[in-house]
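protein.cif, holding mmCIF, C-alpha atoms:
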data_my_file
loop_
_atom_site.group_PDB
_atom_site.id
_atom_site.type_symbol
_atom_site.label_atom_id
_atom_site.label_comp_id
_atom_site.auth_asym_id
_atom_site.auth_seq_id
_atom_site.Cartn_x
_atom_site.Cartn_y
_atom_site.Cartn_z
ATOM 1 C CA MET A 1 55.521 10.322 108.318
ATOM 2 C CA SER A 2 52.292 9.635 110.227
ATOM 3 C CA VAL A 3 48.925 9.933 108.539
ATOM 4 C CA ILE A 4 46.117 12.120 109.856
ATOM 5 C CA ASN A 5 42.782 10.460 109.344
ATOM 6 C CA ILE A 6 39.936 11.894 111.419
ATOM 7 C CA GLU A 7 36.281 10.966 110.953
ATOM 8 C CA HIS A 8 33.804 13.824 110.873
ATOM 9 C CA THR A 9 31.463 14.568 113.783
ATOM 10 C CA GLU A 10 28.487 16.941 114.071
ATOM 11 C CA THR A 11 30.871 19.780 114.891
ATOM 12 C CA THR A 12 34.240 18.797 113.449
ATOM 13 C CA PRO A 13 35.241 17.979 109.874
ATOM 14 C CA LYS A 14 36.696 14.866 108.325
ATOM 15 C CA VAL A 15 40.422 15.425 107.891
ATOM 16 C CA ILE A 16 42.925 13.441 105.856
ATOM 17 C CA PHE A 17 46.566 14.531 105.624
ATOM 18 C CA ASN A 18 48.579 11.826 103.898
ATOM 19 C CA LYS A 19 52.023 12.667 102.585
ATOM 20 C CA GLU A 20 52.523 9.308 100.870
ATOM 21 C CA THR A 21 49.336 9.359 98.802
ATOM 22 C CA GLY A 22 49.330 13.166 98.529
ATOM 23 C CA VAL A 23 45.740 13.352 99.739
ATOM 24 C CA PHE A 24 44.855 16.432 101.781
ATOM 25 C CA ILE A 25 41.180 16.877 102.625
ATOM 26 C CA ILE A 26 39.117 18.911 105.092
ATOM 27 C CA GLU A 27 35.419 18.222 104.682
ATOM 28 C CA GLY A 28 32.183 18.836 106.595
ATOM 29 C CA LYS A 29 31.169 21.101 109.441
ATOM 30 C CA THR A 30 33.652 22.964 111.546
ATOM 31 C CA LEU A 31 32.292 24.542 114.712
ATOM 32 C CA PRO A 32 34.214 22.804 117.488
ATOM 33 C CA GLU A 33 33.795 23.558 121.164
ATOM 34 C CA ASN A 34 37.517 24.161 121.452
ATOM 35 C CA VAL A 35 39.026 25.298 118.182
ATOM 36 C CA ASN A 36 42.647 25.154 119.331
ATOM 37 C CA GLN A 37 42.283 21.637 120.668
ATOM 38 C CA PHE A 38 41.063 20.379 117.290
ATOM 39 C CA TYR A 39 43.359 22.357 114.999
ATOM 40 C CA GLU A 40 46.644 22.406 116.943
ATOM 41 C CA PRO A 41 47.552 18.782 116.111
ATOM 42 C CA LEU A 42 46.801 19.511 112.444
ATOM 43 C CA LEU A 43 49.017 22.590 112.480
ATOM 44 C CA ASP A 44 51.787 20.650 114.259
ATOM 45 C CA TRP A 45 51.572 17.927 111.615
ATOM 46 C CA LEU A 46 51.860 20.519 108.851
ATOM 47 C CA THR A 47 54.843 22.145 110.556
ATOM 48 C CA ASP A 48 56.622 18.762 110.394
ATOM 49 C CA TYR A 49 55.448 18.199 106.827
ATOM 50 C CA ILE A 50 56.900 21.517 105.653
ATOM 51 C CA ASN A 51 60.375 20.326 106.650
ATOM 52 C CA ASN A 52 60.169 17.507 104.153
ATOM 53 C CA PRO A 53 57.232 18.135 101.825
ATOM 54 C CA ASN A 54 56.064 16.658 98.544
ATOM 55 C CA ASN A 55 56.879 18.670 95.430
ATOM 56 C CA GLU A 56 53.220 19.558 95.077
ATOM 57 C CA THR A 57 50.539 19.833 97.775
ATOM 58 C CA ILE A 58 46.873 20.186 96.913
ATOM 59 C CA LEU A 59 44.521 20.834 99.815
ATOM 60 C CA ASN A 60 40.829 20.135 99.144
ATOM 61 C CA LEU A 61 38.230 21.875 101.297
ATOM 62 C CA LYS A 62 34.569 21.073 101.104
ATOM 63 C CA LEU A 63 32.901 22.803 104.011
ATOM 64 C CA GLU A 64 29.248 22.795 104.893
ATOM 65 C CA TYR A 65 29.456 25.130 107.903
ATOM 66 C CA ILE A 66 32.287 27.182 109.285
ATOM 67 C CA ASN A 67 32.108 29.203 112.496
ATOM 68 C CA THR A 68 34.211 32.322 112.858
ATOM 69 C CA ALA A 69 36.660 30.784 115.334
ATOM 70 C CA SER A 70 37.324 27.969 112.834
ATOM 71 C CA SER A 71 37.807 30.402 109.981
ATOM 72 C CA LYS A 72 40.817 31.754 111.853
ATOM 73 C CA ALA A 73 42.217 28.233 112.326
ATOM 74 C CA ILE A 74 41.718 27.397 108.652
ATOM 75 C CA PHE A 75 43.590 30.612 107.870
ATOM 76 C CA SER A 76 46.526 29.306 109.931
ATOM 77 C CA ILE A 77 46.485 26.090 107.866
ATOM 78 C CA PHE A 78 46.636 28.132 104.668
ATOM 79 C CA LEU A 79 49.622 30.052 106.046
ATOM 80 C CA LYS A 80 51.451 26.717 106.267
ATOM 81 C CA LEU A 81 50.843 26.221 102.546
ATOM 82 C CA GLU A 82 52.232 29.692 101.919
ATOM 83 C CA LYS A 83 55.439 28.512 103.572
ATOM 84 C CA LEU A 84 55.663 25.690 101.005
ATOM 85 C CA ILE A 85 55.550 28.208 98.187
ATOM 86 C CA GLU A 86 58.206 30.317 99.912
ATOM 87 C CA LYS A 87 60.349 27.168 99.916
ATOM 88 C CA GLY A 88 59.908 26.814 96.173
ATOM 89 C CA LYS A 89 57.363 23.976 96.298
ATOM 90 C CA LYS A 90 54.012 23.936 94.561
ATOM 91 C CA ALA A 91 50.803 24.300 96.542
ATOM 92 C CA LYS A 92 47.156 24.787 95.673
ATOM 93 C CA ILE A 93 43.898 25.127 97.566
ATOM 94 C CA ILE A 94 40.722 23.770 96.015
ATOM 95 C CA TRP A 95 37.641 25.342 97.557
ATOM 96 C CA TYR A 96 34.404 23.427 96.905
ATOM 97 C CA TYR A 97 31.067 25.111 97.570
ATOM 98 C CA ALA A 98 27.443 24.125 96.965
ATOM 99 C CA ASP A 99 25.739 25.977 94.117
ATOM 100 C CA ASP A 100 23.128 27.363 96.512
ATOM 101 C CA ASP A 101 25.631 28.452 99.158
ATOM 102 C CA GLU A 102 26.660 31.968 98.264
ATOM 103 C CA ASP A 103 28.073 32.583 101.748
ATOM 104 C CA MET A 104 30.518 29.685 101.408
ATOM 105 C CA MET A 105 31.498 30.871 97.937
ATOM 106 C CA ASP A 106 32.243 34.318 99.439
ATOM 107 C CA VAL A 107 34.366 32.799 102.212
ATOM 108 C CA GLY A 108 36.495 31.064 99.569
ATOM 109 C CA GLU A 109 36.967 34.289 97.643
ATOM 110 C CA GLU A 110 37.907 36.162 100.796
ATOM 111 C CA TYR A 111 40.550 33.583 101.671
ATOM 112 C CA ALA A 112 41.897 33.744 98.125
ATOM 113 C CA ASP A 113 42.258 37.528 98.542
ATOM 114 C CA VAL A 114 44.388 37.298 101.683
ATOM 115 C CA ILE A 115 46.391 34.086 101.095
ATOM 116 C CA LYS A 116 49.304 33.903 98.692
ATOM 117 C CA VAL A 117 48.488 30.395 97.487
ATOM 118 C CA PRO A 118 46.752 29.655 94.166
ATOM 119 C CA PHE A 119 43.059 28.996 94.701
ATOM 120 C CA GLU A 120 40.661 27.046 92.573
ATOM 121 C CA HIS A 121 36.944 27.516 93.272
ATOM 122 C CA ILE A 122 34.718 24.607 92.305
ATOM 123 C CA GLU A 123 30.938 24.709 92.488
ATOM 124 C CA PHE A 124 29.077 21.469 93.070
ATOM 125 C CA GLU A 125 25.389 20.677 92.948
ATOM 126 C CA SER A 126 23.700 20.890 96.329
ATOM 127 C CA GLU A 127 22.398 17.524 97.530
ATOM 128 C CA ASP A 128 19.231 18.900 99.092
ATOM 129 C CA MET B 1 -0.658 23.139 142.453
ATOM 130 C CA LYS B 2 -0.924 26.715 143.590
ATOM 131 C CA PRO B 3 -3.309 28.809 141.448
ATOM 132 C CA LYS B 4 -0.555 31.398 140.920
ATOM 133 C CA PHE B 5 1.715 28.775 139.478
ATOM 134 C CA ILE B 6 -1.039 27.468 137.201
ATOM 135 C CA ASP B 7 -1.611 31.028 135.955
ATOM 136 C CA PHE B 8 2.097 31.430 135.383
ATOM 137 C CA VAL B 9 2.337 28.278 133.253
ATOM 138 C CA PHE B 10 -0.759 29.169 131.246
ATOM 139 C CA ASP B 11 0.399 32.775 130.731
ATOM 140 C CA LEU B 12 3.780 31.570 129.606
ATOM 141 C CA PHE B 13 2.184 29.189 127.109
ATOM 142 C CA THR B 14 -0.142 31.931 125.805
ATOM 143 C CA HIS B 15 2.678 34.448 125.435
ATOM 144 C CA LEU B 16 4.917 31.998 123.637
ATOM 145 C CA ARG B 17 2.139 31.137 121.195
ATOM 146 C CA LYS B 18 1.190 34.763 120.652
ATOM 147 C CA ASN B 19 4.793 35.714 119.846
ATOM 148 C CA ASN B 20 5.305 32.728 117.524
ATOM 149 C CA VAL B 21 8.098 31.336 119.639
ATOM 150 C CA LYS B 22 9.426 28.154 118.003
ATOM 151 C CA LEU B 23 12.028 27.408 120.616
ATOM 152 C CA ILE B 24 12.807 28.788 124.045
ATOM 153 C CA TYR B 25 15.487 27.779 126.488
ATOM 154 C CA GLU B 26 16.935 29.210 129.669
ATOM 155 C CA GLY B 27 19.924 27.630 131.293
ATOM 156 C CA GLU B 28 23.493 26.654 130.816
ATOM 157 C CA ILE B 29 24.666 26.914 127.217
ATOM 158 C CA SER B 30 26.985 23.928 126.900
ATOM 159 C CA HIS B 31 28.466 22.486 123.772
ATOM 160 C CA ASP B 32 25.906 19.636 123.906
ATOM 161 C CA ILE B 33 23.047 22.124 124.184
ATOM 162 C CA ILE B 34 24.383 24.032 121.169
ATOM 163 C CA LYS B 35 24.578 20.790 119.179
ATOM 164 C CA ALA B 36 21.071 19.744 120.209
ATOM 165 C CA PHE B 37 19.397 23.084 119.413
ATOM 166 C CA THR B 38 21.129 23.622 116.113
ATOM 167 C CA ALA B 39 20.235 20.061 115.042
ATOM 168 C CA LEU B 40 16.638 20.559 116.185
ATOM 169 C CA THR B 41 16.320 23.853 114.311
ATOM 170 C CA GLU B 42 18.040 22.458 111.244
ATOM 171 C CA ASN B 43 15.579 19.536 111.101
ATOM 172 C CA ASP B 44 12.644 21.853 111.680
ATOM 173 C CA LEU B 45 13.668 24.184 108.828
ATOM 174 C CA LYS B 46 14.348 21.236 106.537
ATOM 175 C CA ALA B 47 10.927 19.745 107.299
ATOM 176 C CA LYS B 48 9.342 23.095 106.434
ATOM 177 C CA ASN B 49 11.256 23.208 103.148
ATOM 178 C CA GLU B 50 12.927 26.510 103.945
ATOM 179 C CA ALA B 51 15.447 27.479 101.275
ATOM 180 C CA ASN B 52 18.947 26.140 101.912
ATOM 181 C CA PRO B 53 20.564 29.567 102.305
ATOM 182 C CA THR B 54 17.954 30.488 104.940
ATOM 183 C CA GLN B 55 18.625 27.234 106.817
ATOM 184 C CA LYS B 56 22.355 27.832 106.774
ATOM 185 C CA LYS B 57 22.096 31.450 107.890
ATOM 186 C CA VAL B 58 19.839 30.540 110.817
ATOM 187 C CA PHE B 59 22.174 27.689 111.781
ATOM 188 C CA ASN B 60 25.289 29.843 111.509
ATOM 189 C CA ILE B 61 23.910 32.755 113.497
ATOM 190 C CA MET B 62 22.605 30.414 116.209
ATOM 191 C CA VAL B 63 26.050 28.870 116.561
ATOM 192 C CA GLU B 64 27.824 32.229 116.780
ATOM 193 C CA CYS B 65 25.332 33.654 119.300
ATOM 194 C CA LEU B 66 25.311 30.547 121.506
ATOM 195 C CA GLN B 67 29.078 30.126 121.445
ATOM 196 C CA ASN B 68 29.317 33.772 122.526
ATOM 197 C CA ILE B 69 27.155 33.002 125.556
ATOM 198 C CA SER B 70 29.019 29.823 126.442
ATOM 199 C CA LYS B 71 32.287 31.753 126.370
ATOM 200 C CA HIS B 72 31.396 35.153 127.792
ATOM 201 C CA ALA B 73 28.282 35.033 129.986
ATOM 202 C CA VAL B 74 28.785 35.499 133.719
ATOM 203 C CA SER B 75 26.758 34.198 136.672
ATOM 204 C CA ILE B 76 24.011 36.155 138.408
ATOM 205 C CA ASP B 77 25.546 35.841 141.847
ATOM 206 C CA GLU B 78 28.832 34.702 143.276
ATOM 207 C CA ILE B 79 27.211 31.961 145.360
ATOM 208 C CA THR B 80 26.330 29.802 142.363
ATOM 209 C CA PRO B 81 29.154 30.482 139.943
ATOM 210 C CA LYS B 82 27.782 28.911 136.816
ATOM 211 C CA ASN B 83 29.182 30.410 133.698
ATOM 212 C CA GLY B 84 27.720 30.319 130.215
ATOM 213 C CA ARG B 85 24.088 30.670 131.206
ATOM 214 C CA GLY B 86 21.532 32.473 129.097
ATOM 215 C CA ILE B 87 18.236 32.514 127.278
ATOM 216 C CA LEU B 88 17.591 31.624 123.660
ATOM 217 C CA LEU B 89 14.466 32.356 121.644
ATOM 218 C CA ILE B 90 13.740 31.454 118.061
ATOM 219 C CA THR B 91 10.631 33.180 116.758
ATOM 220 C CA GLU B 92 9.076 32.999 113.342
ATOM 221 C CA THR B 93 6.921 35.457 111.433
ATOM 222 C CA ASP B 94 5.595 35.202 107.859
ATOM 223 C CA LYS B 95 8.709 36.794 106.439
ATOM 224 C CA ASN B 96 11.441 36.325 109.021
ATOM 225 C CA TYR B 97 13.161 34.247 111.636
ATOM 226 C CA HIS B 98 14.350 36.036 114.757
ATOM 227 C CA ILE B 99 17.190 34.713 116.850
ATOM 228 C CA THR B 100 17.282 36.368 120.237
ATOM 229 C CA THR B 101 19.741 35.667 123.013
ATOM 230 C CA GLY B 102 20.018 37.169 126.480
ATOM 231 C CA ASN B 103 22.717 36.757 129.080
ATOM 232 C CA LEU B 104 24.498 38.488 131.921
ATOM 233 C CA ILE B 105 27.757 40.210 131.214
ATOM 234 C CA LYS B 106 30.251 42.175 133.236
ATOM 235 C CA ALA B 107 29.540 45.925 133.277
ATOM 236 C CA GLU B 108 33.002 46.646 131.897
ATOM 237 C CA HIS B 109 32.216 44.651 128.734
ATOM 238 C CA THR B 110 29.178 46.685 127.675
ATOM 239 C CA ASP B 111 31.237 49.369 125.928
ATOM 240 C CA ILE B 112 33.232 47.011 123.742
ATOM 241 C CA ILE B 113 30.124 45.062 122.697
ATOM 242 C CA LYS B 114 28.278 48.305 121.934
ATOM 243 C CA THR B 115 31.189 49.677 119.906
ATOM 244 C CA ASN B 116 31.553 46.458 117.916
ATOM 245 C CA ILE B 117 27.848 46.181 117.089
ATOM 246 C CA ASP B 118 27.468 49.896 116.247
ATOM 247 C CA ASN B 119 30.476 49.577 113.988
ATOM 248 C CA VAL B 120 29.211 46.585 111.979
ATOM 249 C CA ASN B 121 25.756 48.179 111.787
ATOM 250 C CA LYS B 122 27.026 51.235 109.949
ATOM 251 C CA LEU B 123 29.142 49.356 107.404
ATOM 252 C CA ASN B 124 27.880 48.331 103.976
ATOM 253 C CA LYS B 125 28.378 44.917 102.358
ATOM 254 C CA THR B 126 31.744 45.719 100.817
ATOM 255 C CA GLU B 127 33.060 47.361 103.975
ATOM 256 C CA LEU B 128 31.987 44.351 106.049
ATOM 257 C CA ARG B 129 33.789 42.065 103.647
ATOM 258 C CA GLU B 130 36.971 44.131 103.904
ATOM 259 C CA LEU B 131 36.773 44.249 107.698
ATOM 260 C CA PHE B 132 36.262 40.470 107.804
ATOM 261 C CA LYS B 133 39.330 39.925 105.646
ATOM 262 C CA LYS B 134 41.377 42.294 107.768
ATOM 263 C CA LYS B 135 40.377 40.584 111.032
ATOM 264 C CA LEU B 136 40.881 37.159 109.495
ATOM 265 C CA SER B 137 44.437 37.845 108.505
ATOM 266 C CA SER B 138 45.517 39.683 111.651
ATOM 267 C CA GLY B 139 45.634 38.880 115.325
ATOM 268 C CA ARG B 140 45.455 35.553 117.062
ATOM 269 C CA ILE B 141 42.615 33.503 118.452
ATOM 270 C CA SER B 142 42.009 34.891 121.954
ATOM 271 C CA ASP B 143 42.344 32.484 124.882
ATOM 272 C CA LYS B 144 38.568 32.076 124.975
ATOM 273 C CA GLY B 145 38.579 31.035 121.340
ATOM 274 C CA GLY B 146 36.872 34.151 120.040
ATOM 275 C CA ALA B 147 38.327 35.540 116.869
ATOM 276 C CA GLY B 148 36.770 39.018 116.873
ATOM 277 C CA LEU B 149 34.876 38.006 113.769
ATOM 278 C CA GLY B 150 31.571 37.009 115.336
ATOM 279 C CA PHE B 151 29.600 40.244 115.018
ATOM 280 C CA ILE B 152 30.866 40.844 111.482
ATOM 281 C CA ASP B 153 29.719 37.372 110.471
ATOM 282 C CA ILE B 154 26.335 37.697 112.206
ATOM 283 C CA ARG B 155 25.755 41.095 110.585
ATOM 284 C CA ARG B 156 26.656 39.790 107.127
ATOM 285 C CA LYS B 157 24.245 36.874 107.415
ATOM 286 C CA SER B 158 21.388 38.850 108.921
ATOM 287 C CA SER B 159 18.907 40.871 106.900
ATOM 288 C CA ASN B 160 18.667 43.795 109.308
ATOM 289 C CA LYS B 161 20.893 45.803 111.565
ATOM 290 C CA LEU B 162 21.681 43.983 114.802
ATOM 291 C CA GLU B 163 19.492 45.113 117.684
ATOM 292 C CA TYR B 164 20.760 45.074 121.229
ATOM 293 C CA ASN B 165 19.900 46.223 124.696
ATOM 294 C CA PHE B 166 21.662 46.382 128.050
ATOM 295 C CA SER B 167 19.599 46.357 131.262
ATOM 296 C CA LYS B 168 21.468 47.198 134.413
ATOM 297 C CA ILE B 169 21.262 44.524 137.126
ATOM 298 C CA ASN B 170 23.735 46.130 139.525
ATOM 299 C CA ASP B 171 27.014 48.047 139.345
ATOM 300 C CA ASP B 172 28.879 44.968 138.111
ATOM 301 C CA LYS B 173 26.401 43.274 135.819
ATOM 302 C CA PHE B 174 24.120 43.962 132.883
ATOM 303 C CA PHE B 175 21.583 41.784 131.111
ATOM 304 C CA TYR B 176 22.496 41.901 127.438
ATOM 305 C CA ILE B 177 20.020 41.058 124.659
ATOM 306 C CA LEU B 178 20.975 40.549 121.031
ATOM 307 C CA ASN B 179 18.305 40.218 118.356
ATOM 308 C CA THR B 180 19.071 39.085 114.808
ATOM 309 C CA VAL B 181 16.622 38.913 111.917
ATOM 310 C CA ILE B 182 16.940 36.516 108.995
ATOM 311 C CA GLU B 183 14.649 37.090 106.063
ATOM 312 C CA LYS B 184 13.083 33.998 104.502
ATOM 313 C CA LEU B 185 14.072 33.567 100.873
#
Do you think you could lay out the structure here as structure tokens?
Amino acid sequence: MSVINIEHTETTPKVIFNKETGVFIIEGKTLPENVNQFYEPLLDWLTDYINNPNNETILNLKLEYINTASSKAIFSIFLKLEKLIEKGKKAKIIWYYADDDEDMMDVGEEYADVIKVPFEHIEFESED
Amino acid sequence: MKPKFIDFVFDLFTHLRKNNVKLIYEGEISHDIIKAFTALTENDLKAKNEANPTQKKVFNIMVECLQNISKHAVSIDEITPKNGRGILLITETDKNYHITTGNLIKAEHTDIIKTNIDNVNKLNKTELRELFKKKLSSGRISDKGGAGLGFIDIRRKSSNKLEYNFSKINDDKFFYILNTVIEKL
């Protein structure tokens, strides 16, 4: 299966989806001009992945900024992971947030409340 | 130069200084403009050693407000149909940052904006959180990319109730101003 490997920009995150190595990362800022244009290929990739997934999928998110349109798209990604669990596979979301970023911590908790995938919340030390 | 024009420029300068305007822009709100202004403001706040949460709130609210304009503003006349035009002001006081945007909207959209803002203004922290979760997990992204979450997010990150005003231009159009206050930490 193909590998998704997108470098971050000022308004879009770095994304790695690699079935072979089991690395799934979304990291950086997400406030794209056209949310659907950025996230649709990722969702399509995940739709394919679900047909033949690894036994365990761990998605790591380390977001610096998230606009509201992106938060909806990220929700759609999480729904794909829910499908894995429905299929009897293991899935987990690891939500990283800076220790001085209460808003991002809250976003993680809110996702955990509405998504039926185990969440792990990890605080890291802010670089600034 | 005509004396009137010289007066205009000097008055503008004086007014901007008097009102502590850090940034002012009138024109098309494109994606590049949004990137430039948020980067500029981010650097400015960093240089002034504003607390990280303050920086992030200002950045986030700017993005939401400007993306609203780029998606929903309408043109002043039909002869020059330029969408996504508006005005942006960032002002600073001892205790707060103010983010103010103004743009033209269709008359028929005033009610929905008013209802949405009034609604988020009367909710408390917990209620806003619940509404956010509800909106997040229901409905699709609209064709303009809006997710119906914008005002909830702006309200949650601001320190005061959202202030707004609609000035009638003609039967079809209103000038809509949104003012958000972010307390310095």
Which polymer residues, whether protein, DNA or RNA, lie within 8 Å of the coordinate (18.7, 23.5, 99.6) when you count all atoms listed in the file? List them as a list in words, using the chain letters and numbers from the file. Asp100, Ser126, Glu127 and Asp128 of chain A; Glu50, Ala51, Asn52 and Pro53 of chain B
Under the rule that only C-alpha atoms are counted, which of A:Thr12, A:Asn34, A:Ser2, A:Thr57 is the nearest residue to chain B? A:Asn34
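Take atom CA of B:Tyr25 and atom CA of B:Asp111: the distance between them is 26.7 Å.
Ranking A:Thr21, A:Asn54, A:Ser70, A:Thr9 by their shortest atom-to-atom distance to A:Gly88, with only C-alpha atoms included, puts A:Asn54 first.
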Which residues of chain A come within 6 Å of chain B, and for each one, what is the closest pair of atoms and their distance in Å to one decimal, counting all atoms listed in the file, sorted by chain and residue number, as a tab-separated table?
residue	atom	partner	partner_atom	distance
A:Thr68	CA	B:Leu149	CA	5.8
A:Ala69	CA	B:Ala147	CA	5.3
A:Lys72	CA	B:Leu136	CA	5.9
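Among A:Asp103, A:Asp113, A:Asp48, A:Glu33, the residue with the shortest atom-to-atom distance to A:Val3, counting all atoms listed in the file, is A:Asp48.
Nearest to A:Glu56 of all the residues A:Val35, A:Ala91, A:Ile25, A:Leu42 is A:Ala91, based on only C-alpha atoms.
Note that atom CA of A:Thr47 and atom CA of A:Lys89 are 14.6 Å apart.
Going from atom CA of A:Ile93 over to atom CA of A:Asp44, you cover 19.0 Å.
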Expected selection from the PyMOL selection byres ((chain B and resi 160) around 8), given as a ChimeraX atom specification: /B:155,158-159,161-162,180-182
Fewer than 5 positions away in the same chain doesn't count, so skip those; otherwise give me all residues within 6 Å of stretch 177-179 of chain B, counting all atoms listed in the file, as a list in words. Ile99, Thr100, Thr101, Gly102, Glu163, Tyr164 and Asn165 of chain B
Applying the PyMOL selection byres ((chain B and resi 173) around 8) to the file I just gave you, which residues come out? Please list them as number ranges by chain. B: 76, 104-107, 168-172, 174-175
Please write as a ChimeraX atom specification the full residue list that the PyMOL selection byres ((chain A and resi 64) around 9) yields on this file. /A:27-30,62-63,65-66,97-98,101,104 /B:56
Counting all atoms listed in the file, I want the residues whose atoms come within 9 Å of (45.6, 30.0, 98.7) in the file frame, returned as an NGL selection string. :A and (78-79 or 81-82 or 91-94 or 111-120)
Box along x, y and z, 3 Å on every side, all listed atoms of stretch 13-23 of chain A inside: centre and edge lengths in Å to one decimal, as AutoDock Vina command-line options.
--center_x 43.9 --center_y 13.6 --center_z 104.2 --size_x 23.3 --size_y 14.7 --size_z 17.3
Might you pull out every residue within 9 Å of A:Val23, with all atoms listed in the file counted and same-chain residues fewer than 4 positions away left off, and present them as a PyMOL selection string? chain A and resi 16-19+57-60
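Among A:Glu20, A:Asn55, A:Pro13, A:Lys80, the residue with the shortest atom-to-atom distance to A:Leu43, counting only C-alpha atoms, is A:Lys80.
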What's around B:Glu92 at 10 Å? Count all atoms listed in the file, leave out sequence neighbours fewer than 4 positions away in its own chain, and write the answer as a PyMOL selection string. chain B and resi 19-23+96-99+181-182+184
Find the residues around A:Trp45 up to 10 Å (all atoms listed in the file counted), leave out those fewer than 4 positions away in its own chain, and share them as a compact mmCIF listing (two decimals) with C-alpha atoms, in the coordinates of the input.
# COMPACT_ATOMS: atom_id res chain seq x y z
CA MET A 1 55.52 10.32 108.32
CA SER A 2 52.29 9.64 110.23
CA VAL A 3 48.92 9.93 108.54
CA ILE A 4 46.12 12.12 109.86
CA PHE A 17 46.57 14.53 105.62
CA TYR A 39 43.36 22.36 115.00
CA GLU A 40 46.64 22.41 116.94
CA PRO A 41 47.55 18.78 116.11
CA TYR A 49 55.45 18.20 106.83
CA ILE A 50 56.90 21.52 105.65
Output stretch 86-97 of chain A as a PDB file, keeping the file's coordinate frame, making sure N, CA and C atoms are there.
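File produced: result38.pdb:
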ATOM      1  N   GLU A  86      56.972  29.572  99.600  1.00  0.00           N
ATOM      2  CA  GLU A  86      58.206  30.317  99.912  1.00  0.00           C
ATOM      3  C   GLU A  86      59.430  29.421  99.774  1.00  0.00           C
ATOM      4  N   LYS A  87      59.232  28.120 100.025  1.00  0.00           N
ATOM      5  CA  LYS A  87      60.349  27.168  99.916  1.00  0.00           C
ATOM      6  C   LYS A  87      60.554  26.667  98.483  1.00  0.00           C
ATOM      7  N   GLY A  88      59.749  27.193  97.570  1.00  0.00           N
ATOM      8  CA  GLY A  88      59.908  26.814  96.173  1.00  0.00           C
ATOM      9  C   GLY A  88      59.112  25.592  95.758  1.00  0.00           C
ATOM     10  N   LYS A  89      58.217  25.115  96.641  1.00  0.00           N
ATOM     11  CA  LYS A  89      57.363  23.976  96.298  1.00  0.00           C
ATOM     12  C   LYS A  89      56.039  24.479  95.721  1.00  0.00           C
ATOM     13  N   LYS A  90      55.327  23.559  95.096  1.00  0.00           N
ATOM     14  CA  LYS A  90      54.012  23.936  94.561  1.00  0.00           C
ATOM     15  C   LYS A  90      52.926  23.647  95.596  1.00  0.00           C
ATOM     16  N   ALA A  91      51.948  24.535  95.660  1.00  0.00           N
ATOM     17  CA  ALA A  91      50.803  24.300  96.542  1.00  0.00           C
ATOM     18  C   ALA A  91      49.564  24.910  95.912  1.00  0.00           C
ATOM     19  N   LYS A  92      48.419  24.283  96.203  1.00  0.00           N
ATOM     20  CA  LYS A  92      47.156  24.787  95.673  1.00  0.00           C
ATOM     21  C   LYS A  92      46.046  24.480  96.662  1.00  0.00           C
ATOM     22  N   ILE A  93      45.068  25.366  96.720  1.00  0.00           N
ATOM     23  CA  ILE A  93      43.898  25.127  97.566  1.00  0.00           C
ATOM     24  C   ILE A  93      42.687  25.010  96.647  1.00  0.00           C
ATOM     25  N   ILE A  94      41.966  23.913  96.788  1.00  0.00           N
ATOM     26  CA  ILE A  94      40.722  23.770  96.015  1.00  0.00           C
ATOM     27  C   ILE A  94      39.545  23.953  96.973  1.00  0.00           C
ATOM     28  N   TRP A  95      38.759  24.950  96.684  1.00  0.00           N
ATOM     29  CA  TRP A  95      37.641  25.342  97.557  1.00  0.00           C
ATOM     30  C   TRP A  95      36.329  24.909  96.889  1.00  0.00           C
ATOM     31  N   TYR A  96      35.683  23.896  97.437  1.00  0.00           N
ATOM     32  CA  TYR A  96      34.404  23.427  96.905  1.00  0.00           C
ATOM     33  C   TYR A  96      33.257  24.114  97.640  1.00  0.00           C
ATOM     34  N   TYR A  97      32.242  24.525  96.917  1.00  0.00           N
ATOM     35  CA  TYR A  97      31.067  25.111  97.570  1.00  0.00           C
ATOM     36  C   TYR A  97      29.807  24.700  96.814  1.00  0.00           C
TER      37      TYR A  97
END
